[in-house]
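entry-v1.pdb, holding PDB, N, CA and C atoms:
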```pdb
ATOM      1  N   MET A 799      65.350 -35.635 -58.445
ATOM      2  CA  MET A 799      65.291 -36.560 -57.331
ATOM      3  C   MET A 799      64.941 -37.937 -57.864
ATOM      4  N   ALA A 800      65.735 -38.900 -57.555
ATOM      5  CA  ALA A 800      65.521 -40.263 -58.037
ATOM      6  C   ALA A 800      64.819 -41.079 -56.960
ATOM      7  N   ILE A 801      63.929 -41.953 -57.406
ATOM      8  CA  ILE A 801      63.233 -42.859 -56.493
ATOM      9  C   ILE A 801      63.775 -44.256 -56.763
ATOM     10  N   ASN A 802      64.355 -44.852 -55.786
ATOM     11  CA  ASN A 802      64.953 -46.174 -55.932
ATOM     12  C   ASN A 802      64.092 -47.224 -55.257
ATOM     13  N   ASN A 803      64.237 -48.443 -55.725
ATOM     14  CA  ASN A 803      63.609 -49.598 -55.098
ATOM     15  C   ASN A 803      62.081 -49.548 -55.140
ATOM     16  N   VAL A 804      61.526 -49.076 -56.249
ATOM     17  CA  VAL A 804      60.076 -49.085 -56.382
ATOM     18  C   VAL A 804      59.633 -50.541 -56.555
ATOM     19  N   ASN A 805      58.610 -50.945 -55.887
ATOM     20  CA  ASN A 805      58.070 -52.313 -55.881
ATOM     21  C   ASN A 805      59.096 -53.323 -55.377
ATOM     22  N   ASN A 806      60.060 -52.856 -54.633
ATOM     23  CA  ASN A 806      61.089 -53.730 -54.044
ATOM     24  C   ASN A 806      61.796 -54.597 -55.078
ATOM     25  N   GLY A 807      61.936 -54.066 -56.288
ATOM     26  CA  GLY A 807      62.663 -54.774 -57.333
ATOM     27  C   GLY A 807      61.836 -55.821 -58.041
ATOM     28  N   LEU A 808      60.560 -55.997 -57.681
ATOM     29  CA  LEU A 808      59.700 -56.989 -58.333
ATOM     30  C   LEU A 808      59.185 -56.425 -59.646
ATOM     31  N   PRO A 809      58.867 -57.277 -60.591
ATOM     32  CA  PRO A 809      58.336 -56.772 -61.864
ATOM     33  C   PRO A 809      56.975 -56.132 -61.661
ATOM     34  N   LYS A 810      56.687 -55.170 -62.518
ATOM     35  CA  LYS A 810      55.429 -54.419 -62.436
ATOM     36  C   LYS A 810      54.272 -55.307 -62.871
ATOM     37  N   ALA A 811      53.229 -55.361 -62.070
ATOM     38  CA  ALA A 811      52.070 -56.178 -62.398
ATOM     39  C   ALA A 811      51.250 -55.484 -63.473
ATOM     40  N   PRO A 812      50.727 -56.235 -64.445
ATOM     41  CA  PRO A 812      49.912 -55.607 -65.498
ATOM     42  C   PRO A 812      48.596 -55.098 -64.916
ATOM     43  N   VAL A 813      48.089 -54.050 -65.534
ATOM     44  CA  VAL A 813      46.841 -53.437 -65.085
ATOM     45  C   VAL A 813      45.692 -54.098 -65.806
ATOM     46  N   ASP A 814      44.696 -54.540 -65.061
ATOM     47  CA  ASP A 814      43.499 -55.137 -65.650
ATOM     48  C   ASP A 814      42.503 -54.019 -65.895
ATOM     49  N   ASN A 815      42.355 -53.607 -67.161
ATOM     50  CA  ASN A 815      41.485 -52.483 -67.520
ATOM     51  C   ASN A 815      40.027 -52.751 -67.177
ATOM     52  N   ASN A 816      39.579 -53.977 -67.307
ATOM     53  CA  ASN A 816      38.188 -54.300 -66.981
ATOM     54  C   ASN A 816      37.922 -54.054 -65.495
ATOM     55  N   LYS A 817      38.883 -54.442 -64.683
ATOM     56  CA  LYS A 817      38.730 -54.266 -63.252
ATOM     57  C   LYS A 817      38.731 -52.777 -62.887
ATOM     58  N   VAL A 818      39.624 -52.023 -63.531
ATOM     59  CA  VAL A 818      39.709 -50.590 -63.278
ATOM     60  C   VAL A 818      38.427 -49.896 -63.712
ATOM     61  N   ASN A 819      37.909 -50.235 -64.916
ATOM     62  CA  ASN A 819      36.664 -49.625 -65.404
ATOM     63  C   ASN A 819      35.493 -49.973 -64.503
ATOM     64  N   GLY A 820      35.456 -51.173 -63.983
ATOM     65  CA  GLY A 820      34.387 -51.597 -63.080
ATOM     66  C   GLY A 820      34.415 -50.827 -61.768
ATOM     67  N   GLN A 821      35.608 -50.468 -61.319
ATOM     68  CA  GLN A 821      35.713 -49.710 -60.082
ATOM     69  C   GLN A 821      35.377 -48.243 -60.291
ATOM     70  N   GLN A 822      35.667 -47.721 -61.467
ATOM     71  CA  GLN A 822      35.446 -46.298 -61.719
ATOM     72  C   GLN A 822      33.977 -45.965 -61.906
ATOM     73  N   GLN A 823      33.205 -46.851 -62.512
ATOM     74  CA  GLN A 823      31.805 -46.535 -62.760
ATOM     75  C   GLN A 823      31.003 -46.328 -61.480
ATOM     76  N   PRO A 824      31.128 -47.183 -60.484
ATOM     77  CA  PRO A 824      30.374 -46.910 -59.247
ATOM     78  C   PRO A 824      30.792 -45.592 -58.619
ATOM     79  N   GLN A 825      32.086 -45.263 -58.713
ATOM     80  CA  GLN A 825      32.534 -43.990 -58.167
ATOM     81  C   GLN A 825      31.927 -42.842 -58.955
ATOM     82  N   GLN A 826      31.867 -43.008 -60.290
ATOM     83  CA  GLN A 826      31.281 -41.953 -61.115
ATOM     84  C   GLN A 826      29.799 -41.808 -60.807
ATOM     85  N   ASN A 827      29.109 -42.940 -60.655
ATOM     86  CA  ASN A 827      27.683 -42.879 -60.317
ATOM     87  C   ASN A 827      27.492 -42.247 -58.942
ATOM     88  N   LYS A 828      28.363 -42.607 -58.020
ATOM     89  CA  LYS A 828      28.282 -42.044 -56.677
ATOM     90  C   LYS A 828      28.537 -40.542 -56.732
ATOM     91  N   THR A 829      29.511 -40.138 -57.509
ATOM     92  CA  THR A 829      29.827 -38.719 -57.646
ATOM     93  C   THR A 829      28.646 -37.988 -58.278
ATOM     94  N   ALA A 830      28.029 -38.571 -59.286
ATOM     95  CA  ALA A 830      26.868 -37.944 -59.924
ATOM     96  C   ALA A 830      25.714 -37.833 -58.935
ATOM     97  N   ALA A 831      25.527 -38.872 -58.112
ATOM     98  CA  ALA A 831      24.457 -38.827 -57.116
ATOM     99  C   ALA A 831      24.740 -37.763 -56.068
ATOM    100  N   GLN A 832      26.017 -37.660 -55.673
ATOM    101  CA  GLN A 832      26.387 -36.632 -54.700
ATOM    102  C   GLN A 832      26.173 -35.243 -55.284
ATOM    103  N   GLN A 833      26.531 -35.077 -56.562
ATOM    104  CA  GLN A 833      26.345 -33.774 -57.204
ATOM    105  C   GLN A 833      24.862 -33.431 -57.304
ATOM    106  N   ALA A 834      24.029 -34.402 -57.631
ATOM    107  CA  ALA A 834      22.593 -34.154 -57.717
ATOM    108  C   ALA A 834      22.032 -33.777 -56.349
ATOM    109  N   ALA A 835      22.490 -34.483 -55.312
ATOM    110  CA  ALA A 835      22.021 -34.172 -53.961
ATOM    111  C   ALA A 835      22.477 -32.778 -53.542
ATOM    112  N   ALA A 836      23.703 -32.424 -53.888
ATOM    113  CA  ALA A 836      24.222 -31.102 -53.533
ATOM    114  C   ALA A 836      23.459 -30.005 -54.263
ATOM    115  N   SER A 837      23.162 -30.218 -55.546
ATOM    116  CA  SER A 837      22.425 -29.183 -56.276
ATOM    117  C   SER A 837      20.997 -29.055 -55.759
ATOM    118  N   THR A 838      20.384 -30.180 -55.336
ATOM    119  CA  THR A 838      19.043 -30.119 -54.747
ATOM    120  C   THR A 838      19.083 -29.365 -53.427
ATOM    121  N   ALA A 839      20.121 -29.630 -52.628
ATOM    122  CA  ALA A 839      20.259 -28.948 -51.337
ATOM    123  C   ALA A 839      20.466 -27.454 -51.547
ATOM    124  N   GLN A 840      21.240 -27.095 -52.559
ATOM    125  CA  GLN A 840      21.468 -25.684 -52.833
ATOM    126  C   GLN A 840      20.184 -25.001 -53.292
ATOM    127  N   ALA A 841      19.381 -25.718 -54.080
ATOM    128  CA  ALA A 841      18.143 -25.136 -54.579
ATOM    129  C   ALA A 841      17.141 -24.919 -53.448
ATOM    130  N   THR A 842      17.152 -25.805 -52.442
ATOM    131  CA  THR A 842      16.183 -25.672 -51.355
ATOM    132  C   THR A 842      16.651 -24.727 -50.262
ATOM    133  N   ASN A 843      17.948 -24.461 -50.188
ATOM    134  CA  ASN A 843      18.452 -23.540 -49.166
ATOM    135  C   ASN A 843      18.057 -22.114 -49.504
ATOM    136  N   VAL A 844      17.642 -21.404 -48.504
ATOM    137  CA  VAL A 844      17.317 -19.989 -48.665
ATOM    138  C   VAL A 844      18.628 -19.222 -48.601
ATOM    139  N   PRO A 845      18.858 -18.308 -49.541
ATOM    140  CA  PRO A 845      20.119 -17.558 -49.489
ATOM    141  C   PRO A 845      20.225 -16.763 -48.197
ATOM    142  N   ARG A 846      21.434 -16.751 -47.667
ATOM    143  CA  ARG A 846      21.683 -16.035 -46.420
ATOM    144  C   ARG A 846      21.644 -14.541 -46.675
ATOM    145  N   GLN A 847      20.982 -13.827 -45.802
ATOM    146  CA  GLN A 847      20.877 -12.384 -45.942
ATOM    147  C   GLN A 847      21.755 -11.707 -44.902
ATOM    148  N   ASP A 848      22.412 -10.644 -45.323
ATOM    149  CA  ASP A 848      23.240  -9.871 -44.403
ATOM    150  C   ASP A 848      22.356  -8.957 -43.574
ATOM    151  N   SER A 849      22.839  -8.616 -42.398
ATOM    152  CA  SER A 849      22.088  -7.700 -41.555
ATOM    153  C   SER A 849      23.054  -6.750 -40.867
ATOM    154  N   VAL A 850      22.529  -5.614 -40.480
ATOM    155  CA  VAL A 850      23.326  -4.589 -39.812
ATOM    156  C   VAL A 850      22.555  -4.144 -38.573
ATOM    157  N   SER A 851      23.268  -3.949 -37.481
ATOM    158  CA  SER A 851      22.631  -3.395 -36.298
ATOM    159  C   SER A 851      23.459  -2.205 -35.828
ATOM    160  N   LEU A 852      22.761  -1.164 -35.419
ATOM    161  CA  LEU A 852      23.417   0.054 -34.977
ATOM    162  C   LEU A 852      23.404   0.134 -33.462
ATOM    163  N   THR A 853      24.456   0.699 -32.909
ATOM    164  CA  THR A 853      24.484   0.900 -31.465
ATOM    165  C   THR A 853      23.470   1.973 -31.098
ATOM    166  N   GLN A 854      23.187   2.080 -29.830
ATOM    167  CA  GLN A 854      22.224   3.080 -29.371
ATOM    168  C   GLN A 854      22.722   4.491 -29.698
ATOM    169  N   SER A 855      24.024   4.727 -29.536
ATOM    170  CA  SER A 855      24.595   6.049 -29.845
ATOM    171  C   SER A 855      24.422   6.382 -31.322
ATOM    172  N   ALA A 856      24.655   5.390 -32.175
ATOM    173  CA  ALA A 856      24.504   5.614 -33.621
ATOM    174  C   ALA A 856      23.043   5.903 -33.968
ATOM    175  N   GLN A 857      22.120   5.226 -33.302
ATOM    176  CA  GLN A 857      20.700   5.477 -33.546
ATOM    177  C   GLN A 857      20.318   6.890 -33.115
ATOM    178  N   GLN A 858      20.841   7.326 -31.971
ATOM    179  CA  GLN A 858      20.557   8.688 -31.502
ATOM    180  C   GLN A 858      21.127   9.721 -32.467
ATOM    181  N   LEU A 859      22.342   9.488 -32.933
ATOM    182  CA  LEU A 859      22.966  10.401 -33.890
ATOM    183  C   LEU A 859      22.146  10.468 -35.169
ATOM    184  N   ASN A 860      21.652   9.333 -35.612
ATOM    185  CA  ASN A 860      20.811   9.291 -36.810
ATOM    186  C   ASN A 860      19.545  10.117 -36.615
ATOM    187  N   GLN A 861      18.925  10.025 -35.441
ATOM    188  CA  GLN A 861      17.722  10.809 -35.157
ATOM    189  C   GLN A 861      18.028  12.301 -35.146
ATOM    190  N   VAL A 862      19.165  12.678 -34.554
ATOM    191  CA  VAL A 862      19.554  14.093 -34.514
ATOM    192  C   VAL A 862      19.779  14.618 -35.929
ATOM    193  N   GLN A 863      20.429  13.814 -36.767
ATOM    194  CA  GLN A 863      20.672  14.231 -38.148
ATOM    195  C   GLN A 863      19.361  14.416 -38.904
ATOM    196  N   LYS A 864      18.412  13.512 -38.693
ATOM    197  CA  LYS A 864      17.116  13.637 -39.358
ATOM    198  C   LYS A 864      16.399  14.913 -38.916
ATOM    199  N   LYS A 865      16.430  15.175 -37.593
ATOM    200  CA  LYS A 865      15.761  16.374 -37.082
ATOM    201  C   LYS A 865      16.415  17.641 -37.620
ATOM    202  N   SER A 866      17.742  17.634 -37.707
ATOM    203  CA  SER A 866      18.429  18.839 -38.198
ATOM    204  C   SER A 866      18.154  19.053 -39.682
ATOM    205  N   ALA A 867      17.960  17.979 -40.427
ATOM    206  CA  ALA A 867      17.659  18.110 -41.851
ATOM    207  C   ALA A 867      16.255  18.683 -42.064
ATOM    208  N   GLU A 868      15.361  18.396 -41.115
ATOM    209  CA  GLU A 868      13.982  18.868 -41.228
ATOM    210  C   GLU A 868      13.797  20.278 -40.669
ATOM    211  N   ALA A 869      14.766  20.762 -39.917
ATOM    212  CA  ALA A 869      14.641  22.071 -39.272
ATOM    213  C   ALA A 869      14.669  23.187 -40.316
ATOM    214  N   PRO A 870      13.848  24.223 -40.085
ATOM    215  CA  PRO A 870      13.853  25.350 -41.022
ATOM    216  C   PRO A 870      15.164  26.137 -40.913
ATOM    217  N   VAL A 871      15.616  26.701 -42.025
ATOM    218  CA  VAL A 871      16.868  27.453 -42.058
ATOM    219  C   VAL A 871      16.560  28.892 -42.454
ATOM    220  N   ASN A 872      17.078  29.822 -41.674
ATOM    221  CA  ASN A 872      16.958  31.244 -41.995
ATOM    222  C   ASN A 872      18.148  31.596 -42.889
ATOM    223  N   GLN A 873      17.952  31.480 -44.199
ATOM    224  CA  GLN A 873      19.047  31.651 -45.140
ATOM    225  C   GLN A 873      19.635  33.063 -45.088
ATOM    226  N   GLU A 874      18.802  34.035 -44.816
ATOM    227  CA  GLU A 874      19.294  35.418 -44.727
ATOM    228  C   GLU A 874      20.316  35.552 -43.584
ATOM    229  N   LYS A 875      20.005  34.970 -42.436
ATOM    230  CA  LYS A 875      20.911  35.026 -41.293
ATOM    231  C   LYS A 875      22.205  34.260 -41.592
ATOM    232  N   VAL A 876      22.081  33.112 -42.249
ATOM    233  CA  VAL A 876      23.254  32.314 -42.621
ATOM    234  C   VAL A 876      24.163  33.129 -43.542
ATOM    235  N   ASP A 877      23.587  33.792 -44.516
ATOM    236  CA  ASP A 877      24.388  34.595 -45.447
ATOM    237  C   ASP A 877      25.099  35.741 -44.727
ATOM    238  N   LYS A 878      24.392  36.403 -43.780
ATOM    239  CA  LYS A 878      25.006  37.477 -42.999
ATOM    240  C   LYS A 878      26.213  36.980 -42.211
ATOM    241  N   LEU A 879      26.029  35.824 -41.546
ATOM    242  CA  LEU A 879      27.120  35.250 -40.757
ATOM    243  C   LEU A 879      28.303  34.850 -41.644
ATOM    244  N   LYS A 880      28.030  34.314 -42.809
ATOM    245  CA  LYS A 880      29.101  33.945 -43.724
ATOM    246  C   LYS A 880      29.928  35.163 -44.119
ATOM    247  N   LYS A 881      29.235  36.249 -44.454
ATOM    248  CA  LYS A 881      29.935  37.480 -44.855
ATOM    249  C   LYS A 881      30.757  38.040 -43.700
ATOM    250  N   ALA A 882      30.196  38.006 -42.481
ATOM    251  CA  ALA A 882      30.906  38.529 -41.310
ATOM    252  C   ALA A 882      32.157  37.693 -41.016
ATOM    253  N   ILE A 883      32.057  36.382 -41.170
ATOM    254  CA  ILE A 883      33.210  35.511 -40.934
ATOM    255  C   ILE A 883      34.290  35.752 -41.987
ATOM    256  N   GLN A 884      33.856  35.840 -43.258
ATOM    257  CA  GLN A 884      34.817  36.048 -44.345
ATOM    258  C   GLN A 884      35.532  37.402 -44.233
ATOM    259  N   SER A 885      34.824  38.388 -43.784
ATOM    260  CA  SER A 885      35.434  39.718 -43.685
ATOM    261  C   SER A 885      36.217  39.906 -42.380
ATOM    262  N   GLY A 886      36.096  38.949 -41.433
ATOM    263  CA  GLY A 886      36.808  39.052 -40.165
ATOM    264  C   GLY A 886      36.075  39.882 -39.127
ATOM    265  N   GLU A 887      34.835  40.273 -39.384
ATOM    266  CA  GLU A 887      34.047  41.075 -38.452
ATOM    267  C   GLU A 887      33.372  40.228 -37.377
ATOM    268  N   TYR A 888      33.241  38.930 -37.600
ATOM    269  CA  TYR A 888      32.546  38.063 -36.639
ATOM    270  C   TYR A 888      33.494  37.735 -35.497
ATOM    271  N   LYS A 889      33.084  38.021 -34.301
ATOM    272  CA  LYS A 889      33.888  37.764 -33.105
ATOM    273  C   LYS A 889      33.185  36.714 -32.248
ATOM    274  N   VAL A 890      33.963  35.800 -31.708
ATOM    275  CA  VAL A 890      33.426  34.723 -30.876
ATOM    276  C   VAL A 890      33.736  35.028 -29.416
ATOM    277  N   ASP A 891      32.715  34.935 -28.559
ATOM    278  CA  ASP A 891      32.896  35.079 -27.116
ATOM    279  C   ASP A 891      33.176  33.680 -26.562
ATOM    280  N   PRO A 892      34.440  33.395 -26.175
ATOM    281  CA  PRO A 892      34.802  32.033 -25.754
ATOM    282  C   PRO A 892      34.012  31.531 -24.553
ATOM    283  N   GLN A 893      33.722  32.372 -23.585
ATOM    284  CA  GLN A 893      32.978  31.921 -22.396
ATOM    285  C   GLN A 893      31.545  31.548 -22.753
ATOM    286  N   SER A 894      30.925  32.368 -23.575
ATOM    287  CA  SER A 894      29.553  32.083 -23.996
ATOM    288  C   SER A 894      29.509  30.789 -24.819
ATOM    289  N   LEU A 895      30.494  30.616 -25.685
ATOM    290  CA  LEU A 895      30.564  29.398 -26.510
ATOM    291  C   LEU A 895      30.749  28.161 -25.622
ATOM    292  N   ALA A 896      31.623  28.229 -24.634
ATOM    293  CA  ALA A 896      31.861  27.103 -23.731
ATOM    294  C   ALA A 896      30.593  26.734 -22.963
ATOM    295  N   LYS A 897      29.842  27.727 -22.487
ATOM    296  CA  LYS A 897      28.595  27.461 -21.761
ATOM    297  C   LYS A 897      27.573  26.770 -22.663
ATOM    298  N   LYS A 898      27.499  27.249 -23.913
ATOM    299  CA  LYS A 898      26.530  26.656 -24.840
ATOM    300  C   LYS A 898      26.905  25.225 -25.209
ATOM    301  N   ILE A 899      28.199  24.960 -25.374
ATOM    302  CA  ILE A 899      28.647  23.594 -25.667
ATOM    303  C   ILE A 899      28.329  22.679 -24.487
ATOM    304  N   ALA A 900      28.598  23.149 -23.277
ATOM    305  CA  ALA A 900      28.313  22.348 -22.075
ATOM    306  C   ALA A 900      26.822  22.057 -21.959
ATOM    307  N   ARG A 901      25.993  23.060 -22.235
ATOM    308  CA  ARG A 901      24.537  22.877 -22.170
ATOM    309  C   ARG A 901      24.082  21.861 -23.214
ATOM    310  N   LEU A 902      24.625  21.955 -24.433
ATOM    311  CA  LEU A 902      24.250  21.036 -25.501
ATOM    312  C   LEU A 902      24.647  19.604 -25.141
ATOM    313  N   GLU A 903      25.857  19.415 -24.624
ATOM    314  CA  GLU A 903      26.296  18.077 -24.226
ATOM    315  C   GLU A 903      25.421  17.505 -23.122
ATOM    316  N   SER A 904      25.030  18.347 -22.178
ATOM    317  CA  SER A 904      24.181  17.846 -21.099
ATOM    318  C   SER A 904      22.807  17.442 -21.634
ATOM    319  N   GLU A 905      22.311  18.157 -22.644
ATOM    320  CA  GLU A 905      21.023  17.782 -23.244
ATOM    321  C   GLU A 905      21.149  16.479 -24.038
ATOM    322  N   ILE A 906      22.236  16.344 -24.769
ATOM    323  CA  ILE A 906      22.413  15.154 -25.595
ATOM    324  C   ILE A 906      22.648  13.920 -24.743
ATOM    325  N   PHE A 907      23.559  14.011 -23.793
ATOM    326  CA  PHE A 907      23.977  12.845 -23.017
ATOM    327  C   PHE A 907      23.252  12.711 -21.680
ATOM    328  N   GLY A 908      22.364  13.647 -21.362
ATOM    329  CA  GLY A 908      21.562  13.533 -20.151
ATOM    330  C   GLY A 908      22.290  13.902 -18.875
ATOM    331  N   PHE A 909      23.352  14.671 -18.978
ATOM    332  CA  PHE A 909      24.072  15.123 -17.771
ATOM    333  C   PHE A 909      23.355  16.323 -17.189
ATOM    334  N   LYS A 910      23.468  16.491 -15.902
ATOM    335  CA  LYS A 910      22.904  17.671 -15.255
ATOM    336  C   LYS A 910      24.049  18.587 -14.898
ATOM    337  N   SER A 911      23.923  19.846 -15.293
ATOM    338  CA  SER A 911      25.012  20.794 -15.001
ATOM    339  C   SER A 911      24.646  21.708 -13.868
TER     340      SER A 911
END
```

Can the structure from this file be put into structure tokens for me?
Amino acid sequence: MAINNVNNGLPKAPVDNNKVNGQQQPQQNKTAAQQAAASTAQATNVPRQDSVSLTQSAQQLNQVQKKSAEAPVNQEKVDKLKKAIQSGEYKVDPQSLAKKIARLESEIFGFKS
């Protein structure tokens, strides 16, 4: 891409290096002052800390998990149930299971059945 008619055909004016150097130093000093001010501001700023908040449901779930972790486990009964399930001897009563699930949900969520 060609650029035509730069300076409207007038000869290029010579650059006065003294004038250019005189203009650059105040800018450099200003830049150094700005950098010093910025570094001072950064040093005095307290780093931002992240935070997390949990919903009420998440807090309740966390409490339930803690309680279940602390609950005693009858390992003998667990082993018996595992063997019965693996061998196909364990049978589930669907109506009894549905009633127990409904009761548990009503206890957790505060519904009355």

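We find CA of Gln858 in chain A and CA of Ile906 in chain A to be spaced 9.0 Å apart.
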
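Our summary of the geometry notes that CA of Asn860 in chain A is positioned 26.1 Å from CA of Lys875 in chain A.
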
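Our summary of the geometry notes that atom C of Lys865 in chain A is positioned 22.3 Å from CA of Lys878 in chain A.
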
Show me, as JSON, the centre and edge lengths in Å to one decimal of the axis-aligned box that covers every listed atom of range 851-870 of chain A with 4 Å on each side.
```
{"center_x": 19.2, "center_y": 11.1, "center_z": -35.7, "size_x": 18.9, "size_y": 38.1, "size_z": 20.7}
```

I'd like the neighbourhood of range 887-900 of chain A as a PDB file with N, CA and C atoms, in the coordinates of the input, where a residue qualifies if any of its atoms comes within 10 Å (using only C-alpha atoms), though same-chain residues fewer than 5 positions away should be ignored.
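Just written: selection_31.pdb:
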```
ATOM      1  N   LYS A 878      24.392  36.403 -43.780  1.00  0.00           N
ATOM      2  CA  LYS A 878      25.006  37.477 -42.999  1.00  0.00           C
ATOM      3  C   LYS A 878      26.213  36.980 -42.211  1.00  0.00           C
ATOM      4  N   LEU A 879      26.029  35.824 -41.546  1.00  0.00           N
ATOM      5  CA  LEU A 879      27.120  35.250 -40.757  1.00  0.00           C
ATOM      6  C   LEU A 879      28.303  34.850 -41.644  1.00  0.00           C
ATOM      7  N   LYS A 880      28.030  34.314 -42.809  1.00  0.00           N
ATOM      8  CA  LYS A 880      29.101  33.945 -43.724  1.00  0.00           C
ATOM      9  C   LYS A 880      29.928  35.163 -44.119  1.00  0.00           C
ATOM     10  N   LYS A 881      29.235  36.249 -44.454  1.00  0.00           N
ATOM     11  CA  LYS A 881      29.935  37.480 -44.855  1.00  0.00           C
ATOM     12  C   LYS A 881      30.757  38.040 -43.700  1.00  0.00           C
ATOM     13  N   ALA A 882      30.196  38.006 -42.481  1.00  0.00           N
ATOM     14  CA  ALA A 882      30.906  38.529 -41.310  1.00  0.00           C
ATOM     15  C   ALA A 882      32.157  37.693 -41.016  1.00  0.00           C
ATOM     16  N   GLU A 905      22.311  18.157 -22.644  1.00  0.00           N
ATOM     17  CA  GLU A 905      21.023  17.782 -23.244  1.00  0.00           C
ATOM     18  C   GLU A 905      21.149  16.479 -24.038  1.00  0.00           C
ATOM     19  N   ILE A 906      22.236  16.344 -24.769  1.00  0.00           N
ATOM     20  CA  ILE A 906      22.413  15.154 -25.595  1.00  0.00           C
ATOM     21  C   ILE A 906      22.648  13.920 -24.743  1.00  0.00           C
ATOM     22  N   PHE A 909      23.352  14.671 -18.978  1.00  0.00           N
ATOM     23  CA  PHE A 909      24.072  15.123 -17.771  1.00  0.00           C
ATOM     24  C   PHE A 909      23.355  16.323 -17.189  1.00  0.00           C
ATOM     25  N   LYS A 910      23.468  16.491 -15.902  1.00  0.00           N
ATOM     26  CA  LYS A 910      22.904  17.671 -15.255  1.00  0.00           C
ATOM     27  C   LYS A 910      24.049  18.587 -14.898  1.00  0.00           C
ATOM     28  N   SER A 911      23.923  19.846 -15.293  1.00  0.00           N
ATOM     29  CA  SER A 911      25.012  20.794 -15.001  1.00  0.00           C
ATOM     30  C   SER A 911      24.646  21.708 -13.868  1.00  0.00           C
TER      31      SER A 911
END
```
